[in-house]
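Trainee: One file is attached below, coords.tsv, containing TSV, C-alpha atoms.
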chain	number	residue	atom	x	y	z
T	1	MET	CA	-11.00	31.44	22.20
T	2	ILE	CA	-9.59	28.01	23.05
T	3	ARG	CA	-9.24	27.56	26.80
T	4	THR	CA	-6.10	25.85	28.11
T	5	GLU	CA	-6.23	24.21	31.54
T	6	ALA	CA	-3.17	23.59	33.70
T	7	VAL	CA	-3.01	20.13	35.32
T	8	THR	CA	-0.58	17.99	37.31
T	9	VAL	CA	-0.73	14.35	38.38
T	10	PRO	CA	0.06	13.79	42.09
T	11	GLU	CA	3.18	11.82	42.95
T	12	HIS	CA	1.30	8.85	44.45
T	13	VAL	CA	-0.79	8.33	41.27
T	14	HIS	CA	1.67	6.11	39.44
T	15	GLY	CA	1.81	2.63	37.96
T	16	TYR	CA	5.45	2.16	37.09
T	17	PRO	CA	7.85	4.33	39.13
T	18	ASP	CA	7.91	8.00	38.06
T	19	VAL	CA	5.20	7.51	35.41
T	20	ALA	CA	1.64	8.77	35.85
T	21	PHE	CA	-1.03	6.06	36.01
T	22	GLY	CA	-2.57	5.63	32.56
T	23	GLY	CA	-6.19	5.20	33.59
T	24	TYR	CA	-6.06	8.31	35.76
T	25	VAL	CA	-4.64	10.38	32.91
T	26	ALA	CA	-7.26	8.99	30.52
T	27	GLY	CA	-10.00	9.92	32.96
T	28	LEU	CA	-8.70	13.48	33.23
T	29	LEU	CA	-9.11	13.86	29.46
T	30	ALA	CA	-12.37	11.91	29.17
T	31	GLY	CA	-14.04	13.78	32.00
T	32	ARG	CA	-13.79	17.00	30.00
T	33	CYS	CA	-15.41	15.54	26.88
T	34	GLU	CA	-19.12	15.84	26.21
T	35	ALA	CA	-19.23	12.52	24.34
T	36	ALA	CA	-20.54	9.52	26.26
T	37	GLU	CA	-17.89	7.22	24.77
T	38	VAL	CA	-14.30	8.42	24.54
T	39	ARG	CA	-11.00	7.00	23.29
T	40	VAL	CA	-7.71	8.14	24.82
T	41	ASP	CA	-4.43	7.41	23.01
T	42	PHE	CA	-1.10	7.71	24.79
T	43	ARG	CA	1.77	9.21	22.82
T	44	ALA	CA	4.52	9.45	25.49
T	45	LYS	CA	5.12	8.84	29.18
T	46	VAL	CA	3.18	11.25	31.38
T	47	PRO	CA	5.26	12.70	34.24
T	48	LEU	CA	4.32	13.12	37.88
T	49	GLU	CA	4.20	16.44	39.72
T	50	ALA	CA	4.98	18.30	36.51
T	51	PRO	CA	3.01	21.15	34.89
T	52	MET	CA	0.99	20.05	31.85
T	53	SER	CA	-1.70	21.60	29.69
T	54	LEU	CA	-5.12	20.28	28.65
T	55	ARG	CA	-6.45	21.89	25.50
T	56	PRO	CA	-9.74	21.20	23.66
T	57	THR	CA	-9.62	20.15	20.00
T	58	ARG	CA	-11.97	20.73	17.10
T	59	SER	CA	-12.85	17.04	17.12
T	60	GLY	CA	-14.51	17.32	20.52
T	61	GLY	CA	-11.61	15.83	22.43
T	62	HIS	CA	-8.57	17.19	24.24
T	63	THR	CA	-4.81	17.06	24.04
T	64	LEU	CA	-2.41	16.77	26.98
T	65	THR	CA	0.99	18.38	26.46
T	66	ASP	CA	4.04	18.89	28.65
T	67	ALA	CA	5.70	22.21	29.51
T	68	ASP	CA	7.59	22.15	26.21
T	69	GLY	CA	4.44	21.52	24.16
T	70	ALA	CA	5.16	17.85	23.41
T	71	LEU	CA	2.03	15.73	22.96
T	72	LEU	CA	1.56	13.17	25.74
T	73	ALA	CA	-2.02	11.95	25.22
T	74	GLU	CA	-5.15	12.86	23.29
T	75	SER	CA	-8.83	12.05	23.50
T	76	THR	CA	-11.49	11.78	20.80
T	77	PRO	CA	-15.19	10.87	20.79
T	78	ALA	CA	-15.50	7.17	19.96
T	79	VAL	CA	-17.88	4.26	19.56
T	80	LEU	CA	-17.45	1.35	21.98
T	81	THR	CA	-18.60	-1.89	20.37
T	82	ILE	CA	-17.67	-4.57	22.91
T	83	ASP	CA	-20.24	-7.08	24.17
T	84	PRO	CA	-19.26	-7.97	27.74
T	85	PRO	CA	-19.71	-11.53	28.98
T	86	PRO	CA	-21.92	-12.04	32.04
T	87	ALA	CA	-20.35	-10.91	35.28
T	88	PRO	CA	-19.18	-13.50	37.79
T	89	THR	CA	-20.97	-13.65	41.12
T	90	TRP	CA	-19.91	-11.54	44.07
T	91	ALA	CA	-18.94	-14.70	45.96
T	92	GLU	CA	-16.68	-15.79	43.10
T	93	ALA	CA	-15.12	-12.34	42.87
T	94	LYS	CA	-14.53	-12.15	46.61
T	95	ALA	CA	-12.85	-15.56	46.67
T	96	VAL	CA	-10.53	-14.58	43.81
T	97	THR	CA	-9.58	-11.29	45.44
T	98	ASP	CA	-8.82	-13.03	48.73
T	99	ALA	CA	-6.56	-15.43	46.83
T	100	ALA	CA	-4.85	-12.54	45.05
T	101	MET	CA	-3.69	-11.15	48.37
T	102	VAL	CA	-1.63	-14.33	48.74
T	103	SER	CA	-0.67	-15.02	45.11
T	104	ARG	CA	0.32	-11.58	43.85
T	105	ARG	CA	3.42	-9.52	44.51
T	106	ILE	CA	2.57	-6.53	46.69
T	107	THR	CA	3.22	-3.18	44.97
T	108	ASP	CA	2.25	0.48	45.33
T	109	CYS	CA	0.66	0.73	41.88
T	110	TYR	CA	-2.20	3.24	42.08
T	111	GLY	CA	-4.58	0.78	40.44
T	112	CYS	CA	-3.76	-2.66	41.80
T	113	GLY	CA	-1.24	-2.10	44.58
T	114	ALA	CA	-2.14	-3.52	47.97
T	115	ALA	CA	0.63	-1.41	49.51
T	116	CYS	CA	-1.35	1.79	48.80
T	117	ALA	CA	-3.08	3.26	51.82
T	118	PRO	CA	-6.90	3.32	51.52
T	119	GLY	CA	-7.91	6.42	49.58
T	120	ARG	CA	-4.42	6.80	48.12
T	121	GLY	CA	-4.92	4.03	45.59
T	122	LEU	CA	-7.72	1.84	44.30
T	123	ARG	CA	-6.43	-1.42	45.81
T	124	LEU	CA	-8.26	-3.26	43.01
T	125	LEU	CA	-6.80	-6.75	43.23
T	126	THR	CA	-7.84	-8.70	40.14
T	127	TRP	CA	-6.72	-12.27	39.55
T	128	ASP	CA	-7.73	-15.25	37.45
T	129	THR	CA	-9.64	-18.44	38.17
T	130	PRO	CA	-9.87	-21.75	36.27
T	131	GLU	CA	-13.68	-21.49	36.33
T	132	HIS	CA	-13.71	-18.47	33.98
T	133	ASP	CA	-11.77	-17.04	31.05
T	134	LEU	CA	-11.82	-13.84	33.06
T	135	ILE	CA	-9.75	-11.73	35.39
T	136	ILE	CA	-11.92	-11.00	38.43
T	137	ALA	CA	-12.01	-8.81	41.54
T	138	ALA	CA	-14.41	-7.79	44.27
T	139	TRP	CA	-13.94	-4.08	44.92
T	140	THR	CA	-15.37	-1.62	47.43
T	141	PRO	CA	-13.96	1.86	46.69
T	142	ASP	CA	-12.68	3.77	49.69
T	143	ALA	CA	-14.45	7.01	50.64
T	144	GLY	CA	-11.19	8.89	50.08
T	145	LEU	CA	-11.50	8.25	46.33
T	146	ALA	CA	-14.74	10.23	45.97
T	147	ASP	CA	-15.03	13.88	44.99
T	148	GLU	CA	-17.22	16.60	46.50
T	149	SER	CA	-20.28	15.13	44.74
T	150	GLY	CA	-19.96	11.92	46.73
T	151	GLN	CA	-19.21	9.89	43.58
T	152	LEU	CA	-16.02	8.58	42.05
T	153	PRO	CA	-14.72	11.17	39.54
T	154	PRO	CA	-13.87	10.13	35.95
T	155	GLU	CA	-10.14	9.83	36.65
T	156	VAL	CA	-10.86	7.22	39.34
T	157	VAL	CA	-13.47	5.35	37.28
T	158	TRP	CA	-11.11	5.16	34.30
T	159	SER	CA	-8.32	4.05	36.65
T	160	ALA	CA	-10.52	1.11	37.65
T	161	LEU	CA	-10.70	0.16	33.95
T	162	ASP	CA	-6.93	0.10	33.46
T	163	CYS	CA	-5.04	-2.53	35.50
T	164	PRO	CA	-7.65	-5.31	35.07
T	165	GLY	CA	-7.03	-5.15	31.31
T	166	GLY	CA	-3.31	-5.50	31.79
T	167	TRP	CA	-3.79	-8.52	34.01
T	168	ALA	CA	-6.13	-10.06	31.41
T	169	ALA	CA	-3.38	-9.69	28.80
T	170	ILE	CA	-0.80	-11.17	31.18
T	171	ARG	CA	-2.78	-14.05	32.62
T	172	LYS	CA	-4.98	-14.93	29.61
T	173	GLN	CA	-2.86	-13.94	26.59
T	174	GLY	CA	0.68	-14.48	27.87
T	175	MET	CA	1.85	-10.85	27.74
T	176	ARG	CA	5.13	-10.41	29.58
T	177	MET	CA	5.27	-8.13	32.61
T	178	GLY	CA	6.13	-4.55	31.77
T	179	GLY	CA	3.43	-3.85	29.18
T	180	VAL	CA	1.80	-0.43	28.84
T	181	THR	CA	-1.64	0.91	28.01
T	182	ALA	CA	-1.50	2.39	24.50
T	183	ALA	CA	-5.19	3.24	24.15
T	184	LEU	CA	-8.28	3.08	26.35
T	185	THR	CA	-11.84	3.48	25.03
T	186	ALA	CA	-14.51	3.62	27.71
T	187	THR	CA	-17.93	4.74	28.82
T	188	GLN	CA	-19.52	5.21	32.24
T	189	LEU	CA	-23.13	4.04	32.34
T	190	HIS	CA	-24.05	4.81	35.95
T	191	PRO	CA	-22.59	6.72	38.91
T	192	ILE	CA	-20.11	4.77	41.01
T	193	TYR	CA	-20.08	5.37	44.74
T	194	PRO	CA	-17.57	4.79	47.54
T	195	ASP	CA	-18.30	2.19	50.21
T	196	SER	CA	-20.45	0.25	47.72
T	197	PRO	CA	-19.52	-3.20	46.35
T	198	TYR	CA	-18.60	-3.71	42.69
T	199	ILE	CA	-17.39	-6.60	40.56
T	200	SER	CA	-14.46	-5.87	38.28
T	201	TYR	CA	-13.74	-8.28	35.45
T	202	ALA	CA	-11.72	-8.34	32.25
T	203	TRP	CA	-11.35	-10.73	29.33
T	204	PRO	CA	-9.11	-11.28	26.28
T	205	ILE	CA	-10.34	-10.15	22.85
T	206	THR	CA	-7.48	-10.39	20.32
T	207	HIS	CA	-3.72	-10.79	20.34
T	208	GLN	CA	-1.31	-10.08	17.49
T	209	GLY	CA	2.40	-9.76	18.07
T	210	ARG	CA	3.02	-7.28	20.87
T	211	LYS	CA	-0.54	-5.92	20.67
T	212	HIS	CA	-3.10	-7.20	23.17
T	213	THR	CA	-6.74	-6.07	23.00
T	214	VAL	CA	-8.86	-6.75	26.08
T	215	GLY	CA	-12.29	-5.84	27.45
T	216	ILE	CA	-13.01	-4.56	30.95
T	217	ALA	CA	-16.23	-4.10	32.91
T	218	LEU	CA	-17.26	-2.78	36.30
T	219	ALA	CA	-20.61	-4.09	37.50
T	220	THR	CA	-22.88	-4.17	40.52
T	221	PRO	CA	-23.10	-7.39	42.58
T	222	SER	CA	-26.27	-8.20	40.60
T	223	GLY	CA	-24.28	-8.03	37.36
T	224	ASP	CA	-25.54	-4.71	35.97
T	225	PRO	CA	-22.68	-2.92	34.15
T	226	CYS	CA	-21.66	0.52	35.44
T	227	ALA	CA	-18.66	1.13	33.19
T	228	LEU	CA	-17.18	-0.62	30.14
T	229	ALA	CA	-13.88	-0.34	28.30
T	230	GLU	CA	-11.74	-1.77	25.54
T	231	ALA	CA	-7.99	-1.40	25.98
T	232	LEU	CA	-4.98	-1.86	23.75
T	233	TRP	CA	-1.92	-2.99	25.67
T	234	ILE	CA	1.57	-3.18	24.15
T	235	ALA	CA	3.97	-5.83	25.44
T	236	PRO	CA	7.56	-4.82	26.20
T	237	LYS	CA	10.15	-5.37	23.51
T	238	SER	CA	12.14	-8.59	23.83
Can you turn what I pasted into structure tokens?
Mentor:
Amino acid sequence: MIRTEAVTVPEHVHGYPDVAFGGYVAGLLAGRCEAAEVRVDFRAKVPLEAPMSLRPTRSGGHTLTDADGALLAESTPAVLTIDPPPAPTWAEAKAVTDAAMVSRRITDCYGCGAACAPGRGLRLLTWDTPEHDLIIAAWTPDAGLADESGQLPPEVVWSALDCPGGWAAIRKQGMRMGGVTAALTATQLHPIYPDSPYISYAWPITHQGRKHTVGIALATPSGDPCALAEALWIAPKS
């Protein structure tokens, strides 16, 4: 018997207004897969505070559907082939994040919004620097983001792999504001804990038309990777 699980995304977990945050949704699906590397494809906008259903598939993934049965997102086991560049130093990341507080528009995006209260958003403020072909951030997750195990759950880890990729496409590939995550393939290599420092960085891979492929990594201050992802972002139509 195939087990269907009812889920909702809380109202504060949004990127664009009234749309569930892509990385969080991807983590909900990926966290239920047994595969170590998972790809999540988005098929439609995922609503907030609305009943949805997660259902396992024969491929080892899951589908997310709305109350009418329309497909919103689906996950499948995958193979992640990216080779991340070396991580920047913690000092470099901290300097870039401090500059981002001044340079960037303040929003309430669940991933990169400085207007989010601690624990109600990641507050992961990536920005670029002329010293690297990277988007960089220093990040210390708030304790309110952890689950009962004391670690960050998959939906938070995958959230941390979302916005940095979008900013890499914007700042390094010229994608216009308003792009969306179409697919996110990721793996978590080690547990990620609140109140511990991490370096987030992202880099451009390929760009063709409206399609932007980027890599994302989350590493310890010593540069050891904890999570890796490849994302496909789609630029808004002209």
Trainee: Using only C-alpha atoms, give me every residue within 9 Å of (-13.0, 11.7, 40.3) in file coordinates, as a list in words.
Mentor: Tyr24, Gly27, Leu28, Gly31, Leu145, Ala146, Asp147, Glu148, Gln151, Leu152, Pro153, Pro154, Glu155, Val156 and Val157 of chain T
Trainee: Taking only residues of segment 16-125 of chain T that have an atom at most 8 Å from an atom of segment 172-196 of chain T, what is each one's shortest atom pair and its distance in Å to one decimal, using all atoms listed in the file, in chain and number order, as JSON lines?
Mentor:
{"residue": "T:Gly22", "atom": "CA", "partner": "T:Thr181", "partner_atom": "CA", "distance": 6.6}
{"residue": "T:Gly23", "atom": "CA", "partner": "T:Leu184", "partner_atom": "CA", "distance": 7.8}
{"residue": "T:Ala26", "atom": "CA", "partner": "T:Leu184", "partner_atom": "CA", "distance": 7.3}
{"residue": "T:Ala36", "atom": "CA", "partner": "T:Thr187", "partner_atom": "CA", "distance": 6.0}
{"residue": "T:Glu37", "atom": "CA", "partner": "T:Thr187", "partner_atom": "CA", "distance": 4.7}
{"residue": "T:Val38", "atom": "CA", "partner": "T:Thr185", "partner_atom": "CA", "distance": 5.5}
{"residue": "T:Arg39", "atom": "CA", "partner": "T:Thr185", "partner_atom": "CA", "distance": 4.0}
{"residue": "T:Val40", "atom": "CA", "partner": "T:Leu184", "partner_atom": "CA", "distance": 5.3}
{"residue": "T:Asp41", "atom": "CA", "partner": "T:Ala183", "partner_atom": "CA", "distance": 4.4}
{"residue": "T:Phe42", "atom": "CA", "partner": "T:Ala182", "partner_atom": "CA", "distance": 5.3}
{"residue": "T:Arg43", "atom": "CA", "partner": "T:Ala182", "partner_atom": "CA", "distance": 7.7}
{"residue": "T:Ala78", "atom": "CA", "partner": "T:Thr185", "partner_atom": "CA", "distance": 7.3}
{"residue": "T:Leu80", "atom": "CA", "partner": "T:Thr185", "partner_atom": "CA", "distance": 6.7}
Trainee: For the atom pair atom CA of Pro236 of chain T and atom CA of Glu131 of chain T, what is the interatomic distance in Å to one decimal place?
Mentor: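 About the pair atom CA of Pro236 of chain T and atom CA of Glu131 of chain T: they are 28.8 Å apart.
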Trainee: Can you work out which one of T:Lys237, T:His14, T:Arg104, T:Lys45 has the shortest atom-to-atom distance to Leu72 of chain T, counting only C-alpha atoms?
Mentor: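 For Leu72 of chain T, the nearest of the given residues is T:Lys45.
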Trainee: Do you know which residues are at most 9 Å from Ala93 of chain T counting all atoms listed in the file, after dropping those on the same chain fewer than 4 positions away, and could you put them as a ChimeraX atom specification?
Mentor: /T:88-89,97-98,126,136-139,199-201
Trainee: Could you state the separation of atom CA of Ile205 of chain T and atom CA of Cys33 of chain T in Å, given to one decimal place?
Mentor: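 Answer for the atom CA of Ile205 of chain T to atom CA of Cys33 of chain T separation: 26.5 Å.
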Trainee: Report the distance between atom CA of Pro84 of chain T and atom CA of Ile216 of chain T in Å, rounded to one decimal place.
Mentor: 7.8 Å
Trainee: Between T:Asp133, T:Asp108, T:Glu230, T:Glu92, which is the closest to Trp158 of chain T once you count only C-alpha atoms?
Mentor: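 Closest residue, counting only C-alpha atoms: T:Glu230.
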Trainee: Find the spatial neighbours of segment 112-114 of chain T, counting all atoms listed in the file, within a cut-off of 12 Å - ignore same-chain residues fewer than 5 positions away - and output them as a ChimeraX atom specification.
Mentor: /T:12-16,21,23,97-98,100-107,119-127,137,139,159-167,200
Trainee: I'd like the neighbourhood of Ala35 of chain T as a PDB file with C-alpha atoms, in the coordinates of the input, where a residue qualifies if any of its atoms comes within 9 Å (using only C-alpha atoms), though same-chain residues fewer than 3 positions away should be ignored.
Mentor:
ATOM      1  CA  ALA T  30     -12.370  11.910  29.170  1.00  0.00           C
ATOM      2  CA  VAL T  38     -14.300   8.420  24.540  1.00  0.00           C
ATOM      3  CA  GLY T  60     -14.510  17.320  20.520  1.00  0.00           C
ATOM      4  CA  GLY T  61     -11.610  15.830  22.430  1.00  0.00           C
ATOM      5  CA  THR T  76     -11.490  11.780  20.800  1.00  0.00           C
ATOM      6  CA  PRO T  77     -15.190  10.870  20.790  1.00  0.00           C
ATOM      7  CA  ALA T  78     -15.500   7.170  19.960  1.00  0.00           C
TER       8      ALA T  78
END
Trainee: Any idea what's packed within 8 Å of Leu29 of chain T, counting only C-alpha atoms, ignoring anything in its chain fewer than 4 positions away? Could you give it as a CSV table (one decimal) with C-alpha atoms, keeping the file's coordinate frame?
Mentor:
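Saved as around18.csv:
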chain,number,residue,atom,x,y,z
T,25,VAL,CA,-4.6,10.4,32.9
T,33,CYS,CA,-15.4,15.5,26.9
T,40,VAL,CA,-7.7,8.1,24.8
T,54,LEU,CA,-5.1,20.3,28.6
T,61,GLY,CA,-11.6,15.8,22.4
T,62,HIS,CA,-8.6,17.2,24.2
T,63,THR,CA,-4.8,17.1,24.0
T,64,LEU,CA,-2.4,16.8,27.0
T,74,GLU,CA,-5.2,12.9,23.3
T,75,SER,CA,-8.8,12.0,23.5
Trainee: Just checking: using all atoms listed in the file, which residue out of T:Val46, T:Leu228, T:Ala99, T:Val9 ends up closest to Asp128 of chain T?
Mentor: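 With all atoms listed in the file as the atom set, the closest residue is T:Ala99.
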Trainee: Quick one: of T:Ser53, T:Gly223, T:Ala20, T:Gly215, who's nearest to Thr81 of chain T, counting all atoms listed in the file?
Mentor: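 The shortest atom-to-atom distance to Thr81 of chain T comes from T:Gly215.
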Trainee: Can you pull out every residue within 6 Å of Tyr198 of chain T, counting all atoms listed in the file, but drop anything in the same chain fewer than 2 positions away, and send it as a PyMOL selection string?
Mentor: chain T and resi 139+219-221
Trainee: Taking C-alpha atoms for each residue, export the selection above as a CSV table (one decimal), in the coordinates of the input.
Mentor:
chain,number,residue,atom,x,y,z
T,139,TRP,CA,-13.9,-4.1,44.9
T,219,ALA,CA,-20.6,-4.1,37.5
T,220,THR,CA,-22.9,-4.2,40.5
T,221,PRO,CA,-23.1,-7.4,42.6
